[in-house]
Amino acid sequence: EKSILLTLSRYPELNETKINFKEKPLWTTISTKPKITFIFTEEPLSVTMATRPNYNFIFKKKEQIEYNIFIHNEKSENCVAELSLKSQVGVFSHELEHVIDYASMSKMQIVLFGFKYKYSEKFRSDVEKRMDKNAVNRGFGREVYNFTSFVYNNKCVLEEYKEYKKRIYYSPEEILELVEKYENSSKISN
C-alpha cells in the first residue's frame with residue numbers, strides 16, 4: 001500500500017481515475033521456436049504485474065473507464081515479497097504509465113492495441129520500453145532501474161522470466177542511460 005500511494009502521489013492527472021489493485025496469479029505466453037519444427041508453441045510464464053482497462057470498458061463513457069492493475073500473488077514464482085520499496089515504486093510507476101497510455105486511447109484503439117500486444121512481440125517490446133522511458137522521464141528512473149536490476153540479478157526469479165524481460169524490456173544498463181539523460185536534461189533546465 002505504501003509503495004502504491006508513494007507512486008500515485010506523482011500522478012496527479014490520475015486523481016479522478018478509478019484504479020483497482022488486485023492480487024491474482026498472472027501468466028503471459030511466450031512464443032518459442034523448437035529447433036526441429038517450424039510450429040510455434042505457447043508456453044505460460046508468470047509475470048509480476050499487468051494493467052488493463054476493466055473488462056466492461058467498451059460499455060462505459062471514456063471518463064468512467066476503470067483500470068485494473070493485477071499483482072501476481074504466487075510469491076514463490078517471482079519473489080514479489082522480496083521487492084524493496086524502491087523496486088515496488090519502480091514497477092508501479094511503469095504500470096501507471098500503462099493507465100495513462102490507455103486513457104489517451106479511444107475504445108477501438110484499446111481493442112486494436114490488445115490484439116497487437118498479444119500477437120506482436122516487437123509491438124509489445126516497443127510499448128514496454130516506452131512505458132519504462134515515460135516512468136524515467138517522470139523521475140522514477142532509479143526505481144525502475146532497481147526493479148529491472150532485481151529481476152536480472154535475483155536467484156529466485158525464474159530464468160524464463162529473466163529471458164522474457166531481456167527480450168521485451170530495457171536492460172538495467174539501458175535504463176541507467178535513460179536515467180543519466182533525464183538527470184542531465186533536468187540539471188540543464190534548472
# chains A, B, ... in the order shown; residues from 1 in each chain; ligands from 1
>>> select_by_dssp(residues="chain A", states="alpha helix (DSSP H)", output="VMD selection string")
chain A and resid 2 to 8 75 to 78 85 to 103 107 to 119 121 to 135 141 to 153 159 to 168 172 to 189
>>> residues_around(residues="A:Asn68", least_positions_apart="2", cutoff="9 Å", atoms="only C-alpha atoms", output="PyMOL selection string")
chain A and resi 18-22+50-54+66+70+99
>>> write_last_selection(atoms="all heavy atoms", output="mmCIF file, in the first residue's frame")
data_model
loop_
_atom_site.group_PDB
_atom_site.id
_atom_site.type_symbol
_atom_site.label_atom_id
_atom_site.label_comp_id
_atom_site.auth_asym_id
_atom_site.auth_seq_id
_atom_site.Cartn_x
_atom_site.Cartn_y
_atom_site.Cartn_z
ATOM 1 N N LYS A 18 -10.393 5.836 -11.705
ATOM 2 C CA LYS A 18 -10.634 4.678 -10.831
ATOM 3 C C LYS A 18 -9.645 3.579 -11.217
ATOM 4 O O LYS A 18 -9.674 3.073 -12.341
ATOM 5 C CB LYS A 18 -12.073 4.204 -10.997
ATOM 6 C CG LYS A 18 -12.401 2.949 -10.260
ATOM 7 C CD LYS A 18 -12.780 3.215 -8.835
ATOM 8 C CE LYS A 18 -13.329 1.912 -8.279
ATOM 9 N NZ LYS A 18 -13.392 1.703 -6.967
ATOM 10 N N ILE A 19 -8.770 3.244 -10.280
ATOM 11 C CA ILE A 19 -7.777 2.189 -10.493
ATOM 12 C C ILE A 19 -7.948 1.167 -9.392
ATOM 13 O O ILE A 19 -7.903 1.498 -8.204
ATOM 14 C CB ILE A 19 -6.338 2.743 -10.480
ATOM 15 C CG1 ILE A 19 -6.178 3.846 -11.527
ATOM 16 C CG2 ILE A 19 -5.331 1.620 -10.708
ATOM 17 C CD1 ILE A 19 -4.868 4.609 -11.435
ATOM 18 N N ASN A 20 -8.166 -0.079 -9.789
ATOM 19 C CA ASN A 20 -8.287 -1.177 -8.840
ATOM 20 C C ASN A 20 -6.975 -1.946 -8.801
ATOM 21 O O ASN A 20 -6.446 -2.321 -9.849
ATOM 22 C CB ASN A 20 -9.415 -2.133 -9.275
ATOM 23 C CG ASN A 20 -10.718 -1.408 -9.477
ATOM 24 O OD1 ASN A 20 -11.231 -0.768 -8.576
ATOM 25 N ND2 ASN A 20 -11.253 -1.485 -10.692
ATOM 26 N N PHE A 21 -6.458 -2.188 -7.620
ATOM 27 C CA PHE A 21 -5.261 -3.000 -7.447
ATOM 28 C C PHE A 21 -5.725 -4.357 -6.944
ATOM 29 O O PHE A 21 -6.355 -4.457 -5.893
ATOM 30 C CB PHE A 21 -4.304 -2.334 -6.457
ATOM 31 C CG PHE A 21 -3.752 -1.040 -6.968
ATOM 32 C CD1 PHE A 21 -4.429 0.157 -6.766
ATOM 33 C CD2 PHE A 21 -2.559 -1.014 -7.678
ATOM 34 C CE1 PHE A 21 -3.926 1.357 -7.256
ATOM 35 C CE2 PHE A 21 -2.049 0.183 -8.174
ATOM 36 C CZ PHE A 21 -2.735 1.359 -7.954
ATOM 37 N N LYS A 22 -5.438 -5.404 -7.722
ATOM 38 C CA LYS A 22 -5.941 -6.741 -7.397
ATOM 39 C C LYS A 22 -4.798 -7.749 -7.413
ATOM 40 O O LYS A 22 -3.943 -7.698 -8.299
ATOM 41 C CB LYS A 22 -6.995 -7.169 -8.422
ATOM 42 C CG LYS A 22 -8.207 -6.270 -8.487
ATOM 43 C CD LYS A 22 -9.193 -6.749 -9.536
ATOM 44 C CE LYS A 22 -10.438 -5.881 -9.530
ATOM 45 N NZ LYS A 22 -11.471 -6.418 -10.419
ATOM 46 N N ALA A 50 0.337 -6.644 -14.319
ATOM 47 C CA ALA A 50 -0.287 -6.370 -15.615
ATOM 48 C C ALA A 50 -1.356 -5.304 -15.412
ATOM 49 O O ALA A 50 -2.030 -5.289 -14.380
ATOM 50 C CB ALA A 50 -0.903 -7.636 -16.189
ATOM 51 N N THR A 51 -1.508 -4.423 -16.385
ATOM 52 C CA THR A 51 -2.503 -3.360 -16.312
ATOM 53 C C THR A 51 -3.422 -3.448 -17.511
ATOM 54 O O THR A 51 -2.951 -3.590 -18.641
ATOM 55 C CB THR A 51 -1.813 -1.979 -16.280
ATOM 56 O OG1 THR A 51 -0.962 -1.921 -15.143
ATOM 57 C CG2 THR A 51 -2.824 -0.853 -16.229
ATOM 58 N N ARG A 52 -4.722 -3.371 -17.232
ATOM 59 C CA ARG A 52 -5.711 -3.444 -18.307
ATOM 60 C C ARG A 52 -6.926 -2.599 -17.943
ATOM 61 O O ARG A 52 -7.232 -2.449 -16.766
ATOM 62 C CB ARG A 52 -6.185 -4.884 -18.491
ATOM 63 C CG ARG A 52 -5.108 -5.826 -18.936
ATOM 64 C CD ARG A 52 -5.652 -7.222 -19.171
ATOM 65 N NE ARG A 52 -4.541 -8.119 -19.383
ATOM 66 C CZ ARG A 52 -4.038 -8.937 -18.475
ATOM 67 N NH1 ARG A 52 -4.558 -8.977 -17.275
ATOM 68 N NH2 ARG A 52 -3.030 -9.727 -18.747
ATOM 69 N N PRO A 53 -7.636 -2.112 -18.953
ATOM 70 C CA PRO A 53 -8.939 -1.500 -18.658
ATOM 71 C C PRO A 53 -9.856 -2.593 -18.112
ATOM 72 O O PRO A 53 -9.700 -3.774 -18.454
ATOM 73 C CB PRO A 53 -9.435 -1.013 -20.012
ATOM 74 C CG PRO A 53 -8.257 -1.043 -20.921
ATOM 75 C CD PRO A 53 -7.314 -2.063 -20.371
ATOM 76 N N ASN A 54 -10.798 -2.219 -17.275
ATOM 77 C CA ASN A 54 -11.758 -3.187 -16.759
ATOM 78 C C ASN A 54 -12.495 -3.826 -17.931
ATOM 79 O O ASN A 54 -12.701 -3.193 -18.968
ATOM 80 C CB ASN A 54 -12.729 -2.482 -15.809
ATOM 81 C CG ASN A 54 -13.383 -3.434 -14.835
ATOM 82 O OD1 ASN A 54 -12.924 -4.551 -14.634
ATOM 83 N ND2 ASN A 54 -14.452 -2.976 -14.222
ATOM 84 N N GLU A 66 -12.683 2.178 -15.796
ATOM 85 C CA GLU A 66 -11.852 1.790 -14.663
ATOM 86 C C GLU A 66 -10.693 0.947 -15.181
ATOM 87 O O GLU A 66 -10.809 0.275 -16.204
ATOM 88 C CB GLU A 66 -12.657 0.974 -13.655
ATOM 89 C CG GLU A 66 -13.771 1.742 -12.998
ATOM 90 C CD GLU A 66 -14.548 0.904 -11.994
ATOM 91 O OE1 GLU A 66 -14.048 -0.160 -11.562
ATOM 92 O OE2 GLU A 66 -15.665 1.315 -11.645
ATOM 93 N N PHE A 70 -3.128 -5.684 -11.913
ATOM 94 C CA PHE A 70 -3.068 -7.002 -11.296
ATOM 95 C C PHE A 70 -1.654 -7.256 -10.785
ATOM 96 O O PHE A 70 -0.677 -7.029 -11.496
ATOM 97 C CB PHE A 70 -3.451 -8.084 -12.305
ATOM 98 C CG PHE A 70 -4.863 -7.945 -12.812
ATOM 99 C CD1 PHE A 70 -5.105 -7.458 -14.086
ATOM 100 C CD2 PHE A 70 -5.940 -8.287 -12.017
ATOM 101 C CE1 PHE A 70 -6.406 -7.325 -14.567
ATOM 102 C CE2 PHE A 70 -7.241 -8.158 -12.485
ATOM 103 C CZ PHE A 70 -7.474 -7.679 -13.760
ATOM 104 N N VAL A 99 -1.709 2.952 -17.553
ATOM 105 C CA VAL A 99 -3.024 3.564 -17.342
ATOM 106 C C VAL A 99 -3.121 4.856 -18.146
ATOM 107 O O VAL A 99 -4.106 5.091 -18.851
ATOM 108 C CB VAL A 99 -3.285 3.832 -15.836
ATOM 109 C CG1 VAL A 99 -4.574 4.645 -15.646
ATOM 110 C CG2 VAL A 99 -3.358 2.521 -15.062
#
>>> residues_around(residues="A:Glu23", least_positions_apart="2", cutoff="6 Å", atoms="only C-alpha atoms", output="JSON, numbers by chain")
{"A": [70, 71, 72, 73]}
>>> closest_residue(among="A:Ile65, A:Val151, A:Met131, A:Leu83", to="A:Ala103", atoms="only C-alpha atoms")
A:Ile65
>>> residues_around(residues="A:Val179", least_positions_apart="3", cutoff="7 Å", atoms="only C-alpha atoms", output="number ranges by chain")
A: 136, 141, 175-176, 182-183
>>> atom_distance(atom1="atom CA of A:Tyr164", atom2="atom CA of A:Arg142")
21.4 Å
>>> closest_residue(among="A:Lys86, A:Lys2, A:Lys165, A:Arg10", to="A:Glu128", atoms="only C-alpha atoms")
A:Lys165
>>> residues_around(residues="A:Met108", least_positions_apart="3", cutoff="12 Å", atoms="only C-alpha atoms", output="ChimeraX atom specification")
/A:57-59,62,102,104-105,111-115
>>> write_last_selection(atoms="C-alpha atoms", output="mmCIF file, in the first residue's frame")
data_model
loop_
_atom_site.group_PDB
_atom_site.id
_atom_site.type_symbol
_atom_site.label_atom_id
_atom_site.label_comp_id
_atom_site.auth_asym_id
_atom_site.auth_seq_id
_atom_site.Cartn_x
_atom_site.Cartn_y
_atom_site.Cartn_z
ATOM 1 C CA PHE A 57 -14.734 -0.628 -20.686
ATOM 2 C CA ILE A 58 -16.432 -0.888 -24.063
ATOM 3 C CA PHE A 59 -19.805 -0.030 -22.442
ATOM 4 C CA LYS A 62 -14.373 7.334 -21.601
ATOM 5 C CA TYR A 102 -4.865 3.537 -22.178
ATOM 6 C CA SER A 104 -5.275 8.512 -24.131
ATOM 7 C CA MET A 105 -6.829 5.932 -26.484
ATOM 8 C CA VAL A 111 -9.131 -3.150 -28.697
ATOM 9 C CA LEU A 112 -6.603 -2.924 -31.547
ATOM 10 C CA PHE A 113 -3.823 -2.338 -29.023
ATOM 11 C CA GLY A 114 -4.791 -5.566 -27.216
ATOM 12 C CA PHE A 115 -4.553 -7.632 -30.395
#
>>> residues_around(residues="stretch 94-97 of chain A", least_positions_apart="6", cutoff="9 Å", atoms="only C-alpha atoms", output="ChimeraX atom specification")
/A:7-8,11,14,49-51,69,128,130-136,140,144
>>> closest_residue(among="A:Asn56, A:Ser120, A:Ser125, A:Thr148", to="A:Gly90", atoms="only C-alpha atoms")
A:Thr148
